[in-house]
Amino acid sequence: MKYLALVAVIGSVLLAGAFVAGSRDDVTAQGKLSATISVGSVSALSSGGGVTFDVTRSYPMDRETFWVTNRCFDEAGAVVTRVDYPVIWGTPESLVGYAGSFPTGGTWCEAYVTLRPWQNRALSAVLGYVP
């Protein structure tokens, strides 16, 4: 009976390892996940209007939400506004989406695409702009 339980435990561990490896293979089979960001539309930034961003991803991925983080700073480098919005895709297979309208302020801003906004890790290049 002890041997049967041991075989069941080993089988479960091997099965779990195969599942994790399969998950990683699904992602790497598509290539490295990347994204680009560009300014989509601007509405009177000088008077505190908003900005939207166009986002392009390297391949469709429905396991995680893509976000755009927009931060604006004053002359001293202090954060004046920080907002994270999810990217809206046309369909789950779309490679192009958008996020916004983000509030702006301060003397300069930066925006980037991320999968986890709370970690401040950019998936795209950081896009700097002056409001």
# chains A, B, ... in the order shown; residues from 1 in each chain; ligands from 1

call {"tool": "residues_around", "arguments": {"residues": "range 57-62 of chain A", "least_positions_apart": "3", "cutoff": "10 Å", "atoms": "only C-alpha atoms", "output": "ChimeraX atom specification"}}
result
/A:27,30-37,65-66,89,91-97,113,123-124

call {"tool": "residues_around", "arguments": {"residues": "range 125-128 of chain A", "least_positions_apart": "2", "cutoff": "12 Å", "atoms": "only C-alpha atoms", "output": "PyMOL selection string"}}
result
chain A and resi 34-39+53-56+68-73+107-114+120-123+130-131

call {"tool": "write_last_selection", "arguments": {"atoms": "C-alpha atoms", "output": "short mmCIF file (atom, residue, chain, number, x, y, z; two decimals), in the first residue's frame"}}
result
data_model
loop_
_atom_site.label_atom_id
_atom_site.label_comp_id
_atom_site.auth_asym_id
_atom_site.auth_seq_id
_atom_site.Cartn_x
_atom_site.Cartn_y
_atom_site.Cartn_z
CA SER A 34 6.92 42.25 -27.22
CA ALA A 35 4.88 45.39 -27.72
CA THR A 36 5.21 48.84 -29.24
CA ILE A 37 3.46 52.06 -28.23
CA SER A 38 2.72 55.29 -30.06
CA VAL A 39 0.55 58.33 -29.50
CA PHE A 53 -2.01 55.38 -27.14
CA ASP A 54 -1.93 52.81 -29.91
CA VAL A 55 -0.39 49.49 -28.91
CA THR A 56 0.87 46.67 -31.12
CA VAL A 68 -0.49 51.15 -20.57
CA THR A 69 1.04 53.12 -17.71
CA ASN A 70 1.15 56.90 -18.15
CA ARG A 71 3.10 59.03 -15.67
CA CYS A 72 3.57 62.79 -15.74
CA PHE A 73 6.19 64.72 -13.76
CA THR A 107 6.16 69.41 -17.59
CA TRP A 108 6.83 65.99 -19.16
CA CYS A 109 5.27 62.53 -19.32
CA GLU A 110 6.17 58.97 -20.18
CA ALA A 111 4.06 55.99 -21.21
CA TYR A 112 4.81 52.31 -21.69
CA VAL A 113 3.11 48.93 -22.14
CA THR A 114 3.29 46.46 -19.26
CA ASN A 120 6.81 49.13 -13.08
CA ARG A 121 8.30 46.79 -15.73
CA ALA A 122 7.96 48.00 -19.30
CA LEU A 123 7.18 45.50 -22.05
CA VAL A 130 5.66 66.93 -23.42
CA PRO A 131 2.03 67.72 -22.62
#

call {"tool": "atom_distance", "arguments": {"atom1": "CA of Val79 in chain A", "atom2": "CA of Thr104 in chain A"}}
result
11.0 Å

call {"tool": "atom_distance", "arguments": {"atom1": "CA of Thr52 in chain A", "atom2": "CA of Gly105 in chain A"}}
result
14.3 Å

call {"tool": "atom_distance", "arguments": {"atom1": "CA of Arg82 in chain A", "atom2": "CA of Arg63 in chain A"}}
result
25.0 Å
